[in-house]
Amino acid sequence: MRKELAKNYAPREFEDRIYKNWCDKNYFAPDPDKKKPAFSIVIPPPNVTGQLHMGHALDETLQDILVRTKRMQGYSALWVPGTDHAGIATQIKVEENLRVNEGLTRYDLGREKFLERVWDWKNQYGTRIINQLKKLGASCDWNRERFTMDEGCSKAVREVFVNLYNKGLIYRGYRIINWCPRCLTALSDAEVEYAEQPGSFWHVRYPIDGTDEYLTVATTRPETMLGDTAVAVHPEDERYAHLVGKTLTLPLVGRKIPIIADEYVERDFGTGCVKITPAHDPNDFEVGKRHNLEIIKVMNDDATINSEYGGKYAGMDRYEARKVMVADLEAGGFLVKVEPCAHNVGTCYRCKTTVEPMTSDQWFVKMEPLAKPALEVVKSGEIKFEPERFTKTYTNWMENCHDWCISRQLWWGHRIPAFYCDECGEMTVSKEDISVCPKCGAPVRQEEDVLDTWFSSALWPFSTMGWPEKTEDLARYYPTSVLVTGYDIIFFWVARMIFSGMEHMGEKPFSTVFIHGLVRDAQGRKMSKSLGNGIDPLKVIDEYGADALRFALATGNAPGNDMRFSDEKIEAARNFANKLWNASRFVLMNLTEEDEELLKAPKDSELTIEDKWILARLNELTKSVNANIDNYELGIALGDIYSFTWDLFCDWYIEMAKSRIFDTGSPAALTAKRVLVKVLTDILKLLHPYMPFITEEIYQALPHTDESIVISAFPKYDEKLSYKTEEEDVDRIIGCIVAIRARRSEMNVPPSKKAKLFVVTKYEETFKTTAKILEKLASASEVIVTDSYDSDDAVAIATDAGTVYIPLAEVIDFEKERARLTAEAKKNDSEIERIEKKLANEGFVSKAPAAVIEGERAKLAKYLETRESLKAALAKLG
RNA sequence: GGAAGGUUAGCUCAGUUGGGAGAGCAUCUGCCUUACAAGCAGAGGGUCAUAGGUUCGAGCCCUAUACUUUCCACCA
């Protein structure tokens, strides 16, 4: 007896079991067969900060679809999994945890002890994330799992750092950077998010030395005036030309500062005079460099005013100081006016604290030489963005990016391999740890700072494959085939991987960047913790199954677009799984023969027209699915599978096959079953990349040849299987059934009320061979194919294939029927008129392709036929 | 300020080289038709944002406008 599927689709019953089996059998390891072409993806490593969210679920689903497809298509497919240490984000989490549970700060523990805690956290959450990936069905090669701070990745980081340093592409310098006063670290430009905030524009006058005059400057940040070292005007501004070179006395401070001329000033904005604070504004810093101005830093790391230059404001928070200083300016008669003004404020992307631009000693990567090849490789098309429009996002950024500040004043991360000798002042950058100065032999101390977390992620495509060693994996799987990620991290990650790959490997890290959008909630809002509108993928999996979640994420959405996630979407997905489950159950419960018998391909001569029809349609589906997946149109491919499965296979083919199947033991029954097994199996295979669990569960229950569907061959288009004529025949029959059903429905004739059907058609053969099907599906008692039918008490239904008469005098409302026929005739006439007009159009006939014209002619002929049968039907009604 | 999207059925969205507009959900009608009510059979519902243009032909290509989303830059 064949194994039966459970009556109800209950994914919880089999998903975990199946996944475990896949892992036990090691199916996800790439096939070592050298003859197979390579296909590889490295996972965008999820942060070890917490758990998987919907964005991950989407990202991993898309990757898994690609990898599973390629694996089945005969590639040696590798998907490298792993996690990211996520420096600042993880450190914040652990610190928060420490604060809440133990009331301690990281300083209370000290660097070493604190790092132990972070590793504990990493072990706990890293494992959890991996388990979540498995729940989702991700077919990663777990033997190759990596972590951005594992030994190999750390080695790669050091190698890269030292190489870049030796080439002069990494340098240490005193520059203006973005500083987060809460995280107490520098941030890169990419890590600053701008948000519009209401503020004020304070107009303050600075007295000009030696006169009674003032210069009025306008500022949104009066507290920084403690660090002003000049006031600038435009060199061609006639109002102020005579003042350039004079000095001012800085109010509240009393310091003498020069009036300078610089083109950076916009004459028409504000008063045309700008206070220059090189230590606390990036533009002012540049102006200061040009004019050799002193840099006066007035804040501490926590954004309180420092004691060195703060005077009475020392120790105050920057905002408190602002308030007090404005009051003092007003009291001193320096404040001219205050205007409300909305302005963009930079905030820390991790904690949302307002970032303070300030000067600081930091490490930087020099971008210009690195950006060049990274731009070239994209412009030349060697790396393609999918969809293409994201190319511009990338190139714009790459063309305009500044040097990358890579040092972070954190503890969690790759410690910068620079060693300072306090004895002789030498700094040594080294791949290996050193304890003494190579120059003077005195003990050295290592740089306290760690690297930006994205520094190590940038190396991910090759560090995970063993670089800097020359490994087999690198030789075979680098460059990777495709990178799948959201548009939100093109700058953070994609760009940096590209220039890193070009610089260190001399080769692009991937050929295609497949970009997807954000998963939003049902109202279209971004999912976020503060809104509490996040949907937990694990809960969805628990309730609906991983397959339904994956389906919902892969369907009804164009590449690169954001998508909404809603109950109705996941329910529709689950319903589809249920449909497939039940159809499979039906097929299985009728398979009484031996597997070998059922797996035999039926001979062409045994196939009925509906068999050929479904096989031909399956063949078309196979073609389109292969093509669409190749084009990254994953949603279209899935939509095609969906409608084939539901609308053609379930609604039509299975119904059509029933009469043969139920004829137990007959050769016709066996043929039908063979076709059912073949078509269902191919559906399962085509669907497997999207819904791996249910397809495996059913595949195992069906007669099958491969040990697992995971390693079975993906269906291929087969030219031999396009049965053109039979397809048309079945379409005619279906059109006929649909028309009959519609008419019966309109007339409220239930299926239980059987009636004779008389069919007048030129496709006699077709109707005779499918009479049984027609009978069953059109709820007829008998189907009579005839040359002509002549009865007044019948409903005539004009179809593409001919006219069907239902003698149902007792249920016909003649009046209604006449009205309906008249309306239909009118509609039909207007179609005729439209096409005739089109065909009479000289331009159309001479310029349109022949096939299009031919199509129009065929349509016209059909409509003309219909007109005749409608006329006849009306005539009969009197 | 720059850039890229979006505007298609009541809702959410597809629509791959231009050749008579689709799905899911919702609504309405009729069905427990022996795989499936998480279902079956039907029905209604759209001047494809607006205005021009190219074309024999435009949801699709071009121009402009309106509204909208996002990203980047930023004048202190």
# chains A, B, ... in the order shown; residues from 1 in each chain; ligands from 1
$ residues_around --residues "B:G15" --least-positions-apart "5" --cutoff "12 Å" --atoms "only C-alpha atoms (C1' of nucleotides)" --output "PDB file with C-alpha atoms (C1' of nucleotides), in the first residue's frame"
ATOM      1  CA  GLY A 556       3.303  39.510  -6.145  1.00  0.00           C
ATOM      2  CA  ASN A 557       6.214  41.882  -5.972  1.00  0.00           C
ATOM      3  CA  ALA A 558       8.567  43.304  -8.570  1.00  0.00           C
ATOM      4  CA  GLY A 635       7.750  36.516  -8.573  1.00  0.00           C
ATOM      5  CA  ILE A 636       6.642  36.010 -12.152  1.00  0.00           C
ATOM      6  CA  GLY A 639       2.928  33.242 -10.315  1.00  0.00           C
TER       7      GLY A 639
ATOM      8  C1'   U B   8      -3.768  50.258 -12.911  1.00  0.00           C
ATOM      9  C1'   A B  21      -6.122  45.112 -19.010  1.00  0.00           C
ATOM     10  C1'   G B  22      -4.672  40.493 -14.746  1.00  0.00           C
ATOM     11  C1'   A B  23      -4.141  38.036  -9.690  1.00  0.00           C
ATOM     12  C1'   C B  48      -4.324  52.220 -16.433  1.00  0.00           C
ATOM     13  C1'   G B  59      -0.747  50.935 -19.165  1.00  0.00           C
ATOM     14  C1'   C B  60       4.106  50.248 -21.611  1.00  0.00           C
TER      15        C B  60
END
$ closest_atom_pairs --of "chain B" --to "chain A" --cutoff "6 Å" --atoms "only C-alpha atoms (C1' of nucleotides)" --output "JSON lines"
{"residue": "B:A14", "atom": "C1'", "partner": "A:Gly556", "partner_atom": "CA", "distance": 5.8}
{"residue": "B:A35", "atom": "C1'", "partner": "A:Phe586", "partner_atom": "CA", "distance": 4.2}
{"residue": "B:C36", "atom": "C1'", "partner": "A:Asn582", "partner_atom": "CA", "distance": 5.2}
{"residue": "B:A38", "atom": "C1'", "partner": "A:Asn575", "partner_atom": "CA", "distance": 4.8}
{"residue": "B:G42", "atom": "C1'", "partner": "A:Ala742", "partner_atom": "CA", "distance": 5.8}
{"residue": "B:C56", "atom": "C1'", "partner": "A:Phe844", "partner_atom": "CA", "distance": 3.8}
{"residue": "B:A76", "atom": "C1'", "partner": "A:Val274", "partner_atom": "CA", "distance": 5.5}
$ residues_around --residues "stretch 714-718 of chain A" --least-positions-apart "6" --cutoff "8 Å" --atoms "only C-alpha atoms (C1' of nucleotides)" --output "PDB file with N, CA and C atoms, in the first residue's frame"
ATOM      1  N   THR A  69      17.517  26.292  -7.080  1.00  0.00           N
ATOM      2  CA  THR A  69      17.303  26.134  -8.519  1.00  0.00           C
ATOM      3  C   THR A  69      18.590  25.703  -9.198  1.00  0.00           C
ATOM      4  N   MET A  72      19.638  22.174  -8.548  1.00  0.00           N
ATOM      5  CA  MET A  72      18.846  21.211  -9.319  1.00  0.00           C
ATOM      6  C   MET A  72      19.183  21.271 -10.808  1.00  0.00           C
ATOM      7  N   GLN A  73      19.638  22.450 -11.239  1.00  0.00           N
ATOM      8  CA  GLN A  73      19.980  22.585 -12.657  1.00  0.00           C
ATOM      9  C   GLN A  73      21.352  22.006 -12.981  1.00  0.00           C
ATOM     10  N   ASN A 619       5.114  22.010 -20.361  1.00  0.00           N
ATOM     11  CA  ASN A 619       6.346  22.304 -21.074  1.00  0.00           C
ATOM     12  C   ASN A 619       6.545  23.814 -21.222  1.00  0.00           C
ATOM     13  N   GLU A 620       5.476  24.507 -21.549  1.00  0.00           N
ATOM     14  CA  GLU A 620       5.556  25.974 -21.640  1.00  0.00           C
ATOM     15  C   GLU A 620       5.906  26.583 -20.286  1.00  0.00           C
ATOM     16  N   THR A 622       7.513  25.176 -17.878  1.00  0.00           N
ATOM     17  CA  THR A 622       8.919  24.871 -17.603  1.00  0.00           C
ATOM     18  C   THR A 622       9.827  25.889 -18.270  1.00  0.00           C
ATOM     19  N   LYS A 623       9.489  26.194 -19.494  1.00  0.00           N
ATOM     20  CA  LYS A 623      10.282  27.172 -20.234  1.00  0.00           C
ATOM     21  C   LYS A 623      10.254  28.539 -19.545  1.00  0.00           C
ATOM     22  N   ASN A 626      12.118  28.602 -16.064  1.00  0.00           N
ATOM     23  CA  ASN A 626      13.570  28.653 -16.238  1.00  0.00           C
ATOM     24  C   ASN A 626      14.035  30.043 -16.675  1.00  0.00           C
ATOM     25  N   ASP A 682       6.736  17.187 -11.827  1.00  0.00           N
ATOM     26  CA  ASP A 682       7.390  18.373 -12.375  1.00  0.00           C
ATOM     27  C   ASP A 682       6.945  19.651 -11.664  1.00  0.00           C
ATOM     28  N   LYS A 685       8.943  19.827  -8.581  1.00  0.00           N
ATOM     29  CA  LYS A 685      10.332  20.226  -8.815  1.00  0.00           C
ATOM     30  C   LYS A 685      10.441  21.715  -9.113  1.00  0.00           C
ATOM     31  N   LEU A 686       9.547  22.199  -9.954  1.00  0.00           N
ATOM     32  CA  LEU A 686       9.594  23.628 -10.289  1.00  0.00           C
ATOM     33  C   LEU A 686       9.333  24.481  -9.055  1.00  0.00           C
TER      34      LEU A 686
END
$ residues_around --residues "A:Gln63" --least-positions-apart "2" --cutoff "9 Å" --atoms "only C-alpha atoms (C1' of nucleotides)" --output "number ranges by chain"
A: 41, 43, 58-61, 65-68, 79, 138, 482-484
$ atom_distance --atom1 "atom CA of A:Cys341" --atom2 "atom CA of A:Asn300"
26.8 Å
$ closest_residue --among "B:U47, B:U68, B:U12, B:U7" --to "B:A26" --atoms "only C-alpha atoms (C1' of nucleotides)"
B:U12
$ closest_residue --among "A:Asp640, A:Glu593, A:Glu775, A:Glu423" --to "A:Ser659" --atoms "only C-alpha atoms"
A:Glu775
$ closest_residue --among "A:Val338, A:Leu721, A:Val118, A:Met398" --to "A:Val204" --atoms "only C-alpha atoms"
A:Val338
$ closest_residue --among "B:G18, B:G39, B:U29, B:G1" --to "B:A58" --atoms "only C-alpha atoms (C1' of nucleotides)"
B:G18
$ select_by_dssp --residues "stretch 54-192 of chain A" --states "alpha helix (DSSP H)" --output "ChimeraX atom specification"
/A:54-72,87-102,106-109,111-136,151-166
$ atom_distance --atom1 "atom CA of A:Ile806" --atom2 "atom CA of A:Ser788"
13.3 Å
$ residues_around --residues "B:G52" --least-positions-apart "2" --cutoff "12 Å" --atoms "only C-alpha atoms (C1' of nucleotides)" --output "VMD selection string"
chain B and resid 50 54 62 to 65
$ closest_residue --among "A:Thr769, A:Thr229, A:Ser666, A:Thr645" --to "A:Val679" --atoms "only C-alpha atoms"
A:Thr645
$ closest_residue --among "B:A51, B:C67, B:C28, B:C72" --to "B:A4" --atoms "only C-alpha atoms (C1' of nucleotides)"
B:C72
